[in-house]
Amino acid sequence: MVEVTSRTDSPDTDADRELREILDGDRLTGFTMVAGAGSGKTTSLVKALAHVTATRGPSLRAKTQRVACITYTEVAAREIHDDIGNDSLASVSTIHSFLWSLVKPFQKDISTWVSANIEKQIADLLLKQEQYTSRTRSATKDKDASDLAKRRQQQAAVGGVIRWTYGTGSDYARGVLGHADILKMVPQMILTQNLLARLVARQFPFIFVDESQDTFPEVVECLKRVWALADGEMCLGFFGDPMQQIYQQGVVSISLELGWRNIDKPENFRSSRRVLTCINAVRSEGDTLQQVTGLTATQSEGEAFCFVLPTDDHRSENLERVRTWLDEHSSSGNWTRAAHEGGSQVLMIVHRMAARRLGFDALYSAFNDNKADSLGDAFNEGLAWPLAPFRDVILPLCSADEPSSPEVLAVLKENSPLIKSGRASREVRAALTAGYSAVTELRELADGAEKAATLGDILKFSADRQLLELDPRMAAYLYPLSEFQDVVLDEKTTSVLNAMARCTFSELEGYYKYVNQESPYSTQHGTKGSEFERVVVVLDDDEGTYPLYSYDKFLGLRQPSTRDLENQAQGKDSAVERTRRLFYVCVSRAKESLAIVLFADDVSQAVNAVSQSSIGEHVDILTDTDLMTRP
């Protein structure tokens with residue numbers, strides 16, 4: 001029997017009851033659930049999983065079937081699985097892991113796809129060479145020639161791959177597929193091979209997708225193909241909120257297929273009355289869903305402020321003045337401490353604003369200014385593969401009490417080729433001595449004069465002394481003539497690695513304090529799904545320098561660009577729509593109190609714009625003059 005958790009045991013909403021009707025139908029169909037911030041979307045998802053395994057458990061077991069739940073992160077997957085008591089009938093995983101599990105048995109098909117993919121890349125490079133002109137740089141020609149040679153090496157090696165596996169990055173010659181390969185390959189195989197699509201439906205008669213607004217369009221398309229071919233024998237459900245889409249590659253809204261039902265879940269079980277009115281005001285111009293409190297008698301009045309301050313060189317100091325003023329005037333507690341210390345969470349429009357304050361702005365620029373979008377997203381979430389050696393090995397070795405402490409030994413046993421080879425050759429003592437010596441030198445290098453050692457220096461030293469094993473891509477970068485010389489690094493990735501290698505080791509302290517939410521600062525990406533008693537939302541177009549978003553355009557302080565107007569006319573995203581979604585995610589994190597801080601070139605104009613905006617009547621508007629008043 002499935003263990004009952006607080007989520008599965010929570011009271012039903014109208015949306016939960018409507019969803020159960022769909023799940024209990026004789027002919028299975030599809031649905032979408034649109035659930036606003038704080039609505040308990042994950043609770044509805046967990047209850048749906050538990051209901052299906054409880055009511056259809058015997059049938060699922062008899063047919064060796066399971067219920068699939070696809071989430072965005074490993075952390076979310078673990079939380080959902082824990083909520084349903086680790087029910088063996090439920091398969092809860094990230095989209096990458098789920099897709100890989102579908103095709104892993106079809107090794108020959110994988111080989112065919114990889115070979116065709118490499119062939120296309122070779123053809124593209126040959127076409128590019130044919131189109132060279134007298135202006136084509138010699139460096140470009142050399143890079144293309146090198147990539148072409150590597151692709152041909154890979155093509156020759158593919159035939160010898162016995163078994164394909166899945167890792168973070170591709171290494172075709174050694175039978176490794178990366179994240180990008182999985183997202184491209186599996187949907188393509190499902191859309192072109194009806195047998196595979198039918199096998200997926202037969203294995204998973206229920207598939208639930210969490211955070212559907214951020215799911216890749218090609219993944220949505222292939223899952224809909226699976227549902228269509230199942231002909232009433234499969235239920236496909238999407239749980240999400242278009243207003244909370246924060247990744248540009250996401251599908252945003254899920255279109256309804258014939259016979260599907262949409263379920264709105266408008267409750268908000270998080271926010272005070274003042275905060276909820278702000279949330280609804282922001283959302284009102286984006287879609288028709290207006291949230292109602294689910295707290296009933298326990299909902300407090302709360303507070304909502306908007307500070308309009310000048311754009312000058314004292315923004316950091318003025319932000320702290322705002323938090324100090326709130327300490328003295330707000331009734332909801334301490335704002336000057338960080339949220340994890342019982343204070344407030346400060347949300348920035350983009351990570352660069354926090355990076356400057358925490359001292360990792362060069363590292364941020366390395367990953368976000370070289371147009372390698374996937375690496376930039378991974379960096380912002382703390383998951384970028386080039387930094388994994390520092391996170392998993394180098395930083396733990398450097399932060400240990402002593403070079404020979406137990407935690408150092410544990411890290412070396414898990415990661416060091418030197419220690420592993422010593423154990424294999426039964427020369428453990430000599431290997432440990434060499435390892436401890438290398439760790440001592442590493443710590444001296446990292447803690448040297450003014451902590452000026454670069455990440456490139458430290459990573460190369462650690463690899464040279466066999467303290468860690470490198471990702472094939474990093475091995476190809478650091479050792480171009482090594483056994484990994486056939487691994488292709490595109491120009492954008494190489495630019496990121498070059499810039500990262502020049503950053504100082506000291507920047508990692510502020511970066512990991514940030515991504516681990518141990519600082520007062522975060523962004524909508526880092527806190528999505530989280531909630532805090534007190535939230536400060538910082539609006540600053542000048543410091544944000546991020547063209548995808550603009551609070552000035554959103555508030556009418558600046559006219560939309562020609563591209564914005566064209567996109568709006570065509571029903572496409574513009575800076576205004578993207579900013580509205582970002583703003584909605586930020587303000588909806590607040591439980592009790594909300595403070596918006598807008599930095600503007602013309603304060604009086606901005607005050608007027610805020611007053612006339614959708615949130616104007618729901619916030620107390622203050623300026624620099626108010627910060628000078630004492631309680």
# chains A, B, ... in the order shown; residues from 1 in each chain; ligands from 1

$ residues_around --residues "stretch 27-34 of chain A" --least-positions-apart "2" --cutoff "9 Å" --atoms "only C-alpha atoms" --output "PyMOL selection string"
chain A and resi 15+19+22-25+36+41+205-206+212+224+227+231-242+254-266+289

$ closest_atom_pairs --of "stretch 591-630 of chain A" --to "stretch 292-305 of chain A" --cutoff "9 Å" --atoms "only C-alpha atoms" --output "tab-separated table"
residue	atom	partner	partner_atom	distance
A:Lys591	CA	A:Gly302	CA	8.2
A:Glu592	CA	A:Gly302	CA	5.0
A:Ser593	CA	A:Glu303	CA	4.7
A:Leu594	CA	A:Ala304	CA	4.7
A:Ala595	CA	A:Phe305	CA	4.6
A:Ile596	CA	A:Phe305	CA	6.1
A:Val597	CA	A:Phe305	CA	8.4
A:His618	CA	A:Ala304	CA	7.1
A:Val619	CA	A:Phe305	CA	4.9
A:Asp620	CA	A:Phe305	CA	4.6
A:Ile621	CA	A:Phe305	CA	6.0
A:Leu622	CA	A:Phe305	CA	7.4

$ closest_residue --among "A:Val610, A:Leu470, A:Val275, A:Ala453" --to "A:Arg534" --atoms "only C-alpha atoms"
A:Val275

$ closest_residue --among "A:Ser365, A:Gln107, A:Thr112, A:Thr71" --to "A:Val92" --atoms "only C-alpha atoms"
A:Thr71

$ residues_around --residues "A:Arg391" --least-positions-apart "5" --cutoff "12 Å" --atoms "only C-alpha atoms" --output "PyMOL selection string"
chain A and resi 379+382-386+396-399+411+459+468+505+508-509+511-513+515-516

$ residues_around --residues "A:Ser93" --least-positions-apart "3" --cutoff "6 Å" --atoms "only C-alpha atoms" --output "VMD selection string"
chain A and resid 70 77 98

$ write_last_selection --atoms "N, CA, C and O atoms" --output "compact mmCIF listing (two decimals), in the first residue's frame"
# COMPACT_ATOMS: atom_id res chain seq x y z
N ILE A 70 7.01 13.15 -15.61
CA ILE A 70 8.20 13.83 -16.14
C ILE A 70 8.33 15.18 -15.47
O ILE A 70 7.40 16.00 -15.50
N ALA A 77 12.09 15.54 -9.08
CA ALA A 77 11.75 14.12 -9.26
C ALA A 77 11.83 13.38 -7.92
O ALA A 77 10.94 12.59 -7.58
N PHE A 98 13.84 10.17 -18.86
CA PHE A 98 12.67 9.46 -19.37
C PHE A 98 12.85 9.10 -20.84
O PHE A 98 12.63 7.96 -21.25
